[in-house]
file run_14.cif (mmCIF, C-alpha atoms, pLDDT in the B column; chains and numbers go by the auth columns)
data_model
#
loop_
_atom_site.group_PDB
_atom_site.id
_atom_site.type_symbol
_atom_site.label_atom_id
_atom_site.label_comp_id
_atom_site.label_asym_id
_atom_site.label_seq_id
_atom_site.Cartn_x
_atom_site.Cartn_y
_atom_site.Cartn_z
_atom_site.B_iso_or_equiv
_atom_site.auth_seq_id
_atom_site.auth_asym_id
ATOM 1 C CA MET A 1 24.898 16.683 127.663 96.00 1 A
ATOM 2 C CA VAL A 2 27.892 18.113 125.800 95.00 2 A
ATOM 3 C CA VAL A 3 27.617 21.566 124.234 96.00 3 A
ATOM 4 C CA ASP A 4 30.289 22.885 121.879 95.00 4 A
ATOM 5 C CA VAL A 5 29.638 26.500 120.861 95.00 5 A
ATOM 6 C CA GLY A 6 31.473 27.537 117.719 94.00 6 A
ATOM 7 C CA GLY A 7 31.447 30.629 115.568 95.00 7 A
ATOM 8 C CA GLY A 8 29.000 29.385 112.964 96.00 8 A
ATOM 9 C CA SER A 9 27.246 26.495 114.693 97.00 9 A
ATOM 10 C CA THR A 10 26.600 24.774 118.001 97.00 10 A
ATOM 11 C CA GLU A 11 26.923 21.024 118.416 96.00 11 A
ATOM 12 C CA VAL A 12 24.914 19.317 121.136 97.00 12 A
ATOM 13 C CA SER A 13 25.340 15.676 122.177 96.00 13 A
ATOM 14 C CA TRP A 14 23.253 13.713 124.654 97.00 14 A
ATOM 15 C CA LEU A 15 25.118 10.822 126.277 95.00 15 A
ATOM 16 C CA ARG A 16 24.099 8.093 128.697 94.00 16 A
ATOM 17 C CA ARG A 17 26.455 6.376 131.101 89.00 17 A
ATOM 18 C CA VAL A 18 26.312 2.595 130.820 89.00 18 A
ATOM 19 C CA GLY A 19 28.078 -0.201 132.660 84.00 19 A
ATOM 20 C CA ASP A 20 29.347 -0.491 136.220 79.00 20 A
ATOM 21 C CA ASN A 21 32.086 1.610 137.769 73.00 21 A
ATOM 22 C CA GLY A 22 34.831 -0.687 136.584 72.00 22 A
ATOM 23 C CA GLN A 23 33.683 -0.759 132.968 78.00 23 A
ATOM 24 C CA ALA A 24 31.594 2.426 132.780 78.00 24 A
ATOM 25 C CA ARG A 25 31.456 4.253 129.464 86.00 25 A
ATOM 26 C CA PHE A 26 29.240 6.749 127.700 88.00 26 A
ATOM 27 C CA GLU A 27 27.124 6.028 124.663 93.00 27 A
ATOM 28 C CA THR A 28 25.663 8.702 122.408 94.00 28 A
ATOM 29 C CA VAL A 29 21.877 8.791 122.529 95.00 29 A
ATOM 30 C CA SER A 30 21.373 11.730 120.176 97.00 30 A
ATOM 31 C CA TRP A 31 23.257 14.540 118.459 96.00 31 A
ATOM 32 C CA MET A 32 22.375 17.744 116.674 97.00 32 A
ATOM 33 C CA SER A 33 24.111 20.660 114.996 97.00 33 A
ATOM 34 C CA ALA A 34 22.343 24.012 115.072 97.00 34 A
ATOM 35 C CA PRO A 35 23.471 26.597 112.487 97.00 35 A
ATOM 36 C CA LEU A 36 23.816 29.200 115.218 97.00 36 A
ATOM 37 C CA GLY A 37 27.165 30.035 116.789 97.00 37 A
ATOM 38 C CA VAL A 38 28.429 33.205 118.423 97.00 38 A
ATOM 39 C CA VAL A 39 29.119 34.897 115.079 97.00 39 A
ATOM 40 C CA THR A 40 25.971 33.846 113.229 98.00 40 A
ATOM 41 C CA LEU A 41 23.727 34.600 116.213 98.00 41 A
ATOM 42 C CA ALA A 42 25.321 38.025 116.727 97.00 42 A
ATOM 43 C CA GLU A 43 24.858 38.771 113.029 97.00 43 A
ATOM 44 C CA ARG A 44 21.187 37.758 113.165 98.00 44 A
ATOM 45 C CA HIS A 45 20.639 39.962 116.215 98.00 45 A
ATOM 46 C CA PRO A 46 22.785 43.119 115.995 97.00 46 A
ATOM 47 C CA GLU A 47 23.439 44.587 119.425 96.00 47 A
ATOM 48 C CA PRO A 48 21.506 47.800 120.093 94.00 48 A
ATOM 49 C CA ASP A 49 23.056 50.771 121.838 89.00 49 A
ATOM 50 C CA PRO A 50 22.439 50.448 124.697 88.00 50 A
ATOM 51 C CA PRO A 51 21.864 46.669 124.829 90.00 51 A
ATOM 52 C CA THR A 52 18.378 45.716 126.000 94.00 52 A
ATOM 53 C CA PRO A 53 16.887 42.684 127.763 95.00 53 A
ATOM 54 C CA GLU A 54 14.604 42.152 124.744 97.00 54 A
ATOM 55 C CA TRP A 55 17.617 41.871 122.417 97.00 55 A
ATOM 56 C CA TYR A 56 19.245 39.253 124.646 98.00 56 A
ATOM 57 C CA GLU A 57 15.986 37.304 125.003 98.00 57 A
ATOM 58 C CA ALA A 58 15.564 37.264 121.221 98.00 58 A
ATOM 59 C CA MET A 59 18.933 35.471 120.907 98.00 59 A
ATOM 60 C CA VAL A 60 17.948 32.985 123.621 98.00 60 A
ATOM 61 C CA ASP A 61 14.604 32.294 121.923 98.00 61 A
ATOM 62 C CA ASP A 62 16.279 31.826 118.530 98.00 62 A
ATOM 63 C CA MET A 63 18.565 29.101 119.856 98.00 63 A
ATOM 64 C CA LYS A 64 15.922 27.511 122.081 97.00 64 A
ATOM 65 C CA ALA A 65 13.621 27.075 119.077 97.00 65 A
ATOM 66 C CA ARG A 66 16.304 24.923 117.422 97.00 66 A
ATOM 67 C CA LEU A 67 16.662 22.798 120.538 97.00 67 A
ATOM 68 C CA ASP A 68 12.917 22.392 120.995 96.00 68 A
ATOM 69 C CA ALA A 69 12.579 21.170 117.411 95.00 69 A
ATOM 70 C CA HIS A 70 15.001 18.292 118.080 95.00 70 A
ATOM 71 C CA ASP A 71 13.288 15.300 119.691 92.00 71 A
ATOM 72 C CA GLY A 72 15.973 12.651 119.324 93.00 72 A
ATOM 73 C CA ALA A 73 16.926 12.783 123.001 95.00 73 A
ATOM 74 C CA ARG A 74 13.402 12.427 124.334 94.00 74 A
ATOM 75 C CA SER A 75 14.282 9.217 126.197 94.00 75 A
ATOM 76 C CA LEU A 76 16.672 11.161 128.451 95.00 76 A
ATOM 77 C CA ARG A 77 14.106 13.744 129.549 95.00 77 A
ATOM 78 C CA PRO A 78 13.253 11.868 132.804 95.00 78 A
ATOM 79 C CA VAL A 79 16.943 11.810 133.742 95.00 79 A
ATOM 80 C CA PHE A 80 17.109 15.608 133.455 95.00 80 A
ATOM 81 C CA ASP A 81 13.768 16.045 135.220 94.00 81 A
ATOM 82 C CA ASP A 82 15.030 13.944 138.145 95.00 82 A
ATOM 83 C CA GLY A 83 18.222 16.013 138.446 94.00 83 A
ATOM 84 C CA HIS A 84 20.571 13.182 137.446 94.00 84 A
ATOM 85 C CA ALA A 85 22.135 14.899 134.432 96.00 85 A
ATOM 86 C CA HIS A 86 24.789 17.539 134.007 95.00 86 A
ATOM 87 C CA LEU A 87 26.096 19.720 131.224 96.00 87 A
ATOM 88 C CA VAL A 88 29.629 19.756 129.813 96.00 88 A
ATOM 89 C CA GLY A 89 30.391 23.042 128.089 95.00 89 A
ATOM 90 C CA THR A 90 33.334 23.513 125.779 90.00 90 A
ATOM 91 C CA SER A 91 34.246 26.594 123.751 86.00 91 A
ATOM 92 C CA GLY A 92 35.653 30.054 124.233 88.00 92 A
ATOM 93 C CA ALA A 93 32.184 31.376 125.019 88.00 93 A
ATOM 94 C CA ILE A 94 31.732 29.084 128.012 93.00 94 A
ATOM 95 C CA THR A 95 35.312 29.252 129.267 95.00 95 A
ATOM 96 C CA SER A 96 35.061 33.056 129.138 94.00 96 A
ATOM 97 C CA LEU A 97 31.980 32.944 131.363 95.00 97 A
ATOM 98 C CA ALA A 98 33.901 30.696 133.740 97.00 98 A
ATOM 99 C CA GLY A 99 36.757 33.216 133.886 96.00 99 A
ATOM 100 C CA VAL A 100 34.300 35.997 134.668 96.00 100 A
ATOM 101 C CA HIS A 101 32.696 33.818 137.364 97.00 101 A
ATOM 102 C CA LEU A 102 36.111 33.269 138.964 97.00 102 A
ATOM 103 C CA ASN A 103 36.995 36.989 138.737 96.00 103 A
ATOM 104 C CA LEU A 104 40.312 36.098 137.118 96.00 104 A
ATOM 105 C CA THR A 105 42.706 38.973 136.475 94.00 105 A
ATOM 106 C CA ARG A 106 44.056 36.952 133.553 93.00 106 A
ATOM 107 C CA TYR A 107 42.820 33.758 131.954 93.00 107 A
ATOM 108 C CA ASP A 108 44.139 30.633 133.700 95.00 108 A
ATOM 109 C CA ARG A 109 43.409 27.395 131.876 93.00 109 A
ATOM 110 C CA ASN A 110 44.336 25.281 134.877 94.00 110 A
ATOM 111 C CA ARG A 111 41.662 26.960 137.009 96.00 111 A
ATOM 112 C CA VAL A 112 38.992 26.938 134.322 96.00 112 A
ATOM 113 C CA ASP A 113 39.353 23.429 132.877 94.00 113 A
ATOM 114 C CA GLY A 114 37.272 20.991 134.922 94.00 114 A
ATOM 115 C CA LEU A 115 35.537 23.739 136.891 97.00 115 A
ATOM 116 C CA TRP A 116 32.051 22.941 138.178 97.00 116 A
ATOM 117 C CA MET A 117 29.567 25.824 137.918 97.00 117 A
ATOM 118 C CA THR A 118 25.955 25.937 138.978 97.00 118 A
ATOM 119 C CA ARG A 119 23.273 27.265 136.689 95.00 119 A
ATOM 120 C CA ASP A 120 23.049 30.327 138.951 96.00 120 A
ATOM 121 C CA ASP A 121 26.801 30.878 138.552 97.00 121 A
ATOM 122 C CA CYS A 122 26.361 30.959 134.774 96.00 122 A
ATOM 123 C CA THR A 123 23.437 33.356 135.027 96.00 123 A
ATOM 124 C CA ARG A 124 25.306 35.736 137.332 97.00 124 A
ATOM 125 C CA ALA A 125 28.326 35.814 135.024 97.00 125 A
ATOM 126 C CA ALA A 126 26.096 36.528 132.020 96.00 126 A
ATOM 127 C CA ASP A 127 24.185 39.212 133.934 96.00 127 A
ATOM 128 C CA ARG A 128 27.455 40.909 134.832 96.00 128 A
ATOM 129 C CA LEU A 129 28.430 41.053 131.157 96.00 129 A
ATOM 130 C CA ARG A 130 24.940 42.152 130.113 95.00 130 A
ATOM 131 C CA SER A 131 25.257 45.161 132.410 94.00 131 A
ATOM 132 C CA LEU A 132 28.284 46.369 130.411 94.00 132 A
ATOM 133 C CA THR A 133 28.643 48.063 127.043 92.00 133 A
ATOM 134 C CA PRO A 134 30.896 46.403 124.439 92.00 134 A
ATOM 135 C CA ALA A 135 33.677 48.751 125.546 94.00 135 A
ATOM 136 C CA GLY A 136 33.156 47.682 129.150 94.00 136 A
ATOM 137 C CA ARG A 137 33.174 43.996 128.230 95.00 137 A
ATOM 138 C CA ALA A 138 36.424 44.532 126.339 95.00 138 A
ATOM 139 C CA THR A 139 38.126 45.559 129.595 95.00 139 A
ATOM 140 C CA GLU A 140 37.205 42.262 131.254 94.00 140 A
ATOM 141 C CA ALA A 141 40.383 40.212 131.600 92.00 141 A
ATOM 142 C CA CYS A 142 38.834 37.007 130.236 93.00 142 A
ATOM 143 C CA ILE A 143 36.931 38.682 127.389 95.00 143 A
ATOM 144 C CA GLY A 144 39.067 41.278 125.632 92.00 144 A
ATOM 145 C CA ALA A 145 38.283 43.376 122.583 93.00 145 A
ATOM 146 C CA GLU A 146 38.168 40.412 120.193 90.00 146 A
ATOM 147 C CA ARG A 147 35.271 38.752 122.053 92.00 147 A
ATOM 148 C CA ALA A 148 33.451 41.774 123.474 94.00 148 A
ATOM 149 C CA ASP A 149 30.791 41.762 120.753 94.00 149 A
ATOM 150 C CA LEU A 150 30.367 37.971 120.696 96.00 150 A
ATOM 151 C CA VAL A 151 30.443 36.787 124.304 96.00 151 A
ATOM 152 C CA LEU A 152 26.784 37.600 124.990 97.00 152 A
ATOM 153 C CA ALA A 153 25.714 35.552 121.990 98.00 153 A
ATOM 154 C CA GLY A 154 27.588 32.655 123.582 97.00 154 A
ATOM 155 C CA ALA A 155 25.931 33.331 126.928 97.00 155 A
ATOM 156 C CA ALA A 156 22.526 33.366 125.193 98.00 156 A
ATOM 157 C CA ILE A 157 23.230 29.983 123.596 98.00 157 A
ATOM 158 C CA LEU A 158 24.150 28.502 126.975 97.00 158 A
ATOM 159 C CA GLU A 159 21.040 30.048 128.545 97.00 159 A
ATOM 160 C CA ALA A 160 18.874 28.536 125.793 98.00 160 A
ATOM 161 C CA VAL A 161 20.371 25.099 126.427 97.00 161 A
ATOM 162 C CA GLN A 162 19.777 25.414 130.173 96.00 162 A
ATOM 163 C CA ARG A 163 16.156 26.431 129.638 97.00 163 A
ATOM 164 C CA ALA A 164 15.461 23.642 127.176 97.00 164 A
ATOM 165 C CA TRP A 165 17.327 20.972 129.182 97.00 165 A
ATOM 166 C CA PRO A 166 17.553 22.233 132.777 95.00 166 A
ATOM 167 C CA CYS A 167 20.382 20.850 134.857 93.00 167 A
ATOM 168 C CA ALA A 168 21.888 22.319 137.999 94.00 168 A
ATOM 169 C CA ARG A 169 25.553 21.636 137.222 96.00 169 A
ATOM 170 C CA VAL A 170 27.850 22.655 134.386 96.00 170 A
ATOM 171 C CA ARG A 171 31.344 21.225 133.912 96.00 171 A
ATOM 172 C CA VAL A 172 33.648 23.536 131.977 96.00 172 A
ATOM 173 C CA ALA A 173 36.063 21.920 129.514 94.00 173 A
ATOM 174 C CA ASP A 174 38.968 23.918 128.136 91.00 174 A
ATOM 175 C CA ARG A 175 40.691 20.987 126.498 76.00 175 A
ATOM 176 C CA GLY A 176 39.376 19.655 123.218 62.00 176 A
ATOM 177 C CA LEU A 177 39.348 16.807 120.743 55.00 177 A
ATOM 178 C CA ARG A 178 43.101 16.385 120.327 56.00 178 A
ATOM 179 C CA GLU A 179 43.677 16.073 124.074 56.00 179 A
ATOM 180 C CA GLY A 180 40.846 13.553 124.309 55.00 180 A
ATOM 181 C CA LEU A 181 42.243 11.433 121.493 55.00 181 A
ATOM 182 C CA LEU A 182 45.695 11.479 123.082 61.00 182 A
ATOM 183 C CA LEU A 183 44.357 10.422 126.485 58.00 183 A
ATOM 184 C CA THR A 184 42.280 7.653 124.897 60.00 184 A
ATOM 185 C CA ALA A 185 45.323 6.354 123.008 69.00 185 A
ATOM 186 C CA MET A 186 47.372 6.370 126.216 74.00 186 A
ATOM 187 C CA ARG A 187 44.703 4.410 128.097 68.00 187 A
ATOM 188 C CA GLU A 188 44.385 1.888 125.271 71.00 188 A
ATOM 189 C CA GLY A 189 48.151 1.484 125.291 73.00 189 A
ATOM 190 C CA ARG A 190 48.123 0.589 128.978 70.00 190 A
ATOM 191 C CA ARG A 191 45.356 -1.967 128.456 64.00 191 A
ATOM 192 C CA THR A 192 47.218 -3.719 125.668 64.00 192 A
ATOM 193 C CA GLY A 193 50.519 -3.935 127.507 62.00 193 A
ATOM 194 C CA GLY A 194 52.168 -0.634 126.716 56.00 194 A
ATOM 195 C CA ARG A 195 54.746 -0.164 123.979 55.00 195 A
ATOM 196 C CA ARG A 196 54.845 -2.430 121.005 51.00 196 A
ATOM 197 C CA ARG A 197 58.027 -4.361 120.466 49.00 197 A
ATOM 198 C CA ARG A 198 60.088 -3.284 117.536 53.00 198 A
ATOM 199 C CA ARG A 199 60.416 -5.714 114.686 51.00 199 A
ATOM 200 C CA ARG A 200 63.905 -7.003 114.093 50.00 200 A
#

call {"tool": "encode", "arguments": {"input": "run_14.cif", "output": "structure tokens"}}
result
Amino acid sequence: MVVDVGGGSTEVSWLRRVGDNGQARFETVSWMSAPLGVVTLAERHPEPDPPTPEWYEAMVDDMKARLDAHDGARSLRPVFDDGHAHLVGTSGAITSLAGVHLNLTRYDRNRVDGLWMTRDDCTRAADRLRSLTPAGRATEACIGAERADLVLAGAAILEAVQRAWPCARVRVADRGLREGLLLTAMREGRRTGGRRRRRR
């Protein structure tokens, strides 16, 4: 399950691995776009002073309702129930939680990209941020002032996903679409014999 949390929306894709190890690939089973991102969710639920558990839960419930209304991935439910699925999270919201989990003194893409986190790791990182005021979150090395008022909305979105589609492991992805396209093109080039010959 791939989750991409943006500012104005969140894209969720359910994928199934098919084929043997030599020819394994992923096929998309279902996809949805929820009109809730870190900005839109934070705007719908202004943060009280001090922040309260009820405020955070309201954000989680808002996102979870969108996920529960989508039934296109129903065929994959047994895979999640049996513990054979994992989540891939990509976006600043999720990479920020990973940085907090690692206690980084400054953001390090090489340590964050590809990191495996458990669901409990995600919850602990979110709880740490929930215990802080916006000013306190701004002092966190991997958050900063520009994300201090948005990072908990991102954590709430991830929490909603993990409640709706429980899975024990989360893989953090810092690299995005352009890197994926480049790697795919490089692999295809190797399969077809490398460089094309120049025409004379």

call {"tool": "closest_residue", "arguments": {"input": "run_14.cif", "among": "A:Met63, A:Val12, A:Ile143, A:Met117", "to": "A:Thr105", "atoms": "all atoms listed in the file"}}
result
A:Ile143

call {"tool": "closest_atom_pairs", "arguments": {"input": "run_14.cif", "of": "stretch 49-121 of chain A", "to": "stretch 126-129 of chain A", "cutoff": "9 Å", "atoms": "only C-alpha atoms", "output": "tab-separated table"}}
result
residue	atom	partner	partner_atom	distance
A:Leu97	CA	A:Ala126	CA	6.9
A:Val100	CA	A:Arg128	CA	8.4
A:His101	CA	A:Ala126	CA	8.9
A:Asp121	CA	A:Ala126	CA	8.7

call {"tool": "resolve_selection", "arguments": {"input": "run_14.cif", "expression": "the PyMOL selection byres ((chain A and resi 33) around 9)", "output": "list in words"}}
result
Ser9, Thr10, Glu11, Val12, Ser13, Trp31, Met32, Ala34, Pro35 and Leu36 of chain A

call {"tool": "resolve_selection", "arguments": {"input": "run_14.cif", "expression": "the PyMOL selection byres ((chain A and resi 135) around 10)", "output": "PDB file with C-alpha atoms, in the coordinates of the input"}}
result
ATOM      1  CA  LEU A 132      28.284  46.369 130.411  1.00 94.00           C
ATOM      2  CA  THR A 133      28.643  48.063 127.043  1.00 92.00           C
ATOM      3  CA  PRO A 134      30.896  46.403 124.439  1.00 92.00           C
ATOM      4  CA  GLY A 136      33.156  47.682 129.150  1.00 94.00           C
ATOM      5  CA  ARG A 137      33.174  43.996 128.230  1.00 95.00           C
ATOM      6  CA  ALA A 138      36.424  44.532 126.339  1.00 95.00           C
ATOM      7  CA  THR A 139      38.126  45.559 129.595  1.00 95.00           C
ATOM      8  CA  GLU A 140      37.205  42.262 131.254  1.00 94.00           C
ATOM      9  CA  GLY A 144      39.067  41.278 125.632  1.00 92.00           C
ATOM     10  CA  ALA A 145      38.283  43.376 122.583  1.00 93.00           C
ATOM     11  CA  ALA A 148      33.451  41.774 123.474  1.00 94.00           C
ATOM     12  CA  ASP A 149      30.791  41.762 120.753  1.00 94.00           C
TER      13      ASP A 149
END

call {"tool": "resolve_selection", "arguments": {"input": "run_14.cif", "expression": "the PyMOL selection byres ((chain A and resi 89) around 7)", "output": "ChimeraX atom specification"}}
result
/A:2-4,87-88,90-91,94,170-173

call {"tool": "atom_distance", "arguments": {"input": "run_14.cif", "atom1": "atom CA of A:Asp68", "atom2": "atom CA of A:Ala164"}}
result
6.8 Å

call {"tool": "atom_distance", "arguments": {"input": "run_14.cif", "atom1": "atom CA of A:Arg111", "atom2": "atom CA of A:Ala98"}}
result
9.2 Å

call {"tool": "residues_near_point", "arguments": {"input": "run_14.cif", "point": "(20.0, 38.8, 127.2)", "cutoff": "9 Å", "atoms": "all atoms listed in the file", "output": "ChimeraX atom specification"}}
result
/A:51-60,126-127,130,152-153,155-156,159

call {"tool": "atom_distance", "arguments": {"input": "run_14.cif", "atom1": "atom CA of A:Asp113", "atom2": "atom CA of A:Arg175"}}
result
7.0 Å

call {"tool": "residues_around", "arguments": {"input": "run_14.cif", "residues": "A:Arg74", "least_positions_apart": "6", "cutoff": "10 Å", "atoms": "all atoms listed in the file", "output": "MDAnalysis selection string"}}
result
chainID A and resid 14 29:30

call {"tool": "residues_around", "arguments": {"input": "run_14.cif", "residues": "A:Phe80", "least_positions_apart": "4", "cutoff": "10 Å", "atoms": "only C-alpha atoms", "output": "ChimeraX atom specification"}}
result
/A:1,76,84-86,165-168

call {"tool": "closest_residue", "arguments": {"input": "run_14.cif", "among": "A:Thr95, A:Asn110, A:Thr118, A:Gln162", "to": "A:Cys142", "atoms": "all atoms listed in the file"}}
result
A:Thr95

call {"tool": "build_atoms", "arguments": {"input": "run_14.cif", "residues": "stretch 149-172 of chain A", "atoms": "N, CA and C atoms", "output": "mmCIF file, keeping the file's coordinate frame"}}
result
data_model
loop_
_atom_site.group_PDB
_atom_site.id
_atom_site.type_symbol
_atom_site.label_atom_id
_atom_site.label_comp_id
_atom_site.auth_asym_id
_atom_site.auth_seq_id
_atom_site.Cartn_x
_atom_site.Cartn_y
_atom_site.Cartn_z
ATOM 1 N N ASP A 149 32.068 41.704 121.469
ATOM 2 C CA ASP A 149 30.791 41.762 120.753
ATOM 3 C C ASP A 149 30.197 40.385 120.481
ATOM 4 N N LEU A 150 30.851 39.327 120.958
ATOM 5 C CA LEU A 150 30.367 37.971 120.696
ATOM 6 C C LEU A 150 30.022 37.196 121.964
ATOM 7 N N VAL A 151 30.578 37.598 123.095
ATOM 8 C CA VAL A 151 30.443 36.787 124.304
ATOM 9 C C VAL A 151 28.998 36.678 124.768
ATOM 10 N N LEU A 152 28.174 37.701 124.553
ATOM 11 C CA LEU A 152 26.784 37.600 124.990
ATOM 12 C C LEU A 152 25.972 36.667 124.098
ATOM 13 N N ALA A 153 26.358 36.554 122.841
ATOM 14 C CA ALA A 153 25.714 35.552 121.990
ATOM 15 C C ALA A 153 26.011 34.156 122.534
ATOM 16 N N GLY A 154 27.238 33.936 122.975
ATOM 17 C CA GLY A 154 27.588 32.655 123.582
ATOM 18 C C GLY A 154 26.835 32.411 124.876
ATOM 19 N N ALA A 155 26.689 33.461 125.685
ATOM 20 C CA ALA A 155 25.931 33.331 126.928
ATOM 21 C C ALA A 155 24.470 33.022 126.639
ATOM 22 N N ALA A 156 23.916 33.620 125.568
ATOM 23 C CA ALA A 156 22.526 33.366 125.193
ATOM 24 C C ALA A 156 22.336 31.925 124.743
ATOM 25 N N ILE A 157 23.311 31.382 124.030
ATOM 26 C CA ILE A 157 23.230 29.983 123.596
ATOM 27 C C ILE A 157 23.217 29.066 124.811
ATOM 28 N N LEU A 158 24.119 29.322 125.762
ATOM 29 C CA LEU A 158 24.150 28.502 126.975
ATOM 30 C C LEU A 158 22.846 28.635 127.752
ATOM 31 N N GLU A 159 22.312 29.835 127.844
ATOM 32 C CA GLU A 159 21.040 30.048 128.545
ATOM 33 C C GLU A 159 19.909 29.273 127.862
ATOM 34 N N ALA A 160 19.904 29.279 126.528
ATOM 35 C CA ALA A 160 18.874 28.536 125.793
ATOM 36 C C ALA A 160 18.961 27.050 126.082
ATOM 37 N N VAL A 161 20.179 26.513 126.118
ATOM 38 C CA VAL A 161 20.371 25.099 126.427
ATOM 39 C C VAL A 161 19.859 24.794 127.832
ATOM 40 N N GLN A 162 20.172 25.669 128.784
ATOM 41 C CA GLN A 162 19.777 25.414 130.173
ATOM 42 C C GLN A 162 18.274 25.560 130.380
ATOM 43 N N ARG A 163 17.615 26.353 129.547
ATOM 44 C CA ARG A 163 16.156 26.431 129.638
ATOM 45 C C ARG A 163 15.498 25.224 128.992
ATOM 46 N N ALA A 164 16.054 24.780 127.879
ATOM 47 C CA ALA A 164 15.461 23.642 127.176
ATOM 48 C C ALA A 164 15.725 22.327 127.905
ATOM 49 N N TRP A 165 16.930 22.195 128.479
ATOM 50 C CA TRP A 165 17.327 20.972 129.182
ATOM 51 C C TRP A 165 17.909 21.363 130.537
ATOM 52 N N PRO A 166 17.054 21.726 131.498
ATOM 53 C CA PRO A 166 17.553 22.233 132.777
ATOM 54 C C PRO A 166 18.404 21.210 133.521
ATOM 55 N N CYS A 167 19.548 21.658 133.979
ATOM 56 C CA CYS A 167 20.382 20.850 134.857
ATOM 57 C C CYS A 167 21.156 21.806 135.758
ATOM 58 N N ALA A 168 21.344 21.416 136.991
ATOM 59 C CA ALA A 168 21.888 22.319 137.999
ATOM 60 C C ALA A 168 23.391 22.525 137.871
ATOM 61 N N ARG A 169 24.091 21.557 137.234
ATOM 62 C CA ARG A 169 25.553 21.636 137.222
ATOM 63 C C ARG A 169 26.091 21.706 135.799
ATOM 64 N N VAL A 170 27.152 22.511 135.664
ATOM 65 C CA VAL A 170 27.850 22.655 134.386
ATOM 66 C C VAL A 170 29.334 22.392 134.630
ATOM 67 N N ARG A 171 29.901 21.494 133.838
ATOM 68 C CA ARG A 171 31.344 21.225 133.912
ATOM 69 C C ARG A 171 31.997 21.935 132.730
ATOM 70 N N VAL A 172 32.991 22.747 133.014
ATOM 71 C CA VAL A 172 33.648 23.536 131.977
ATOM 72 C C VAL A 172 34.863 22.772 131.457
#
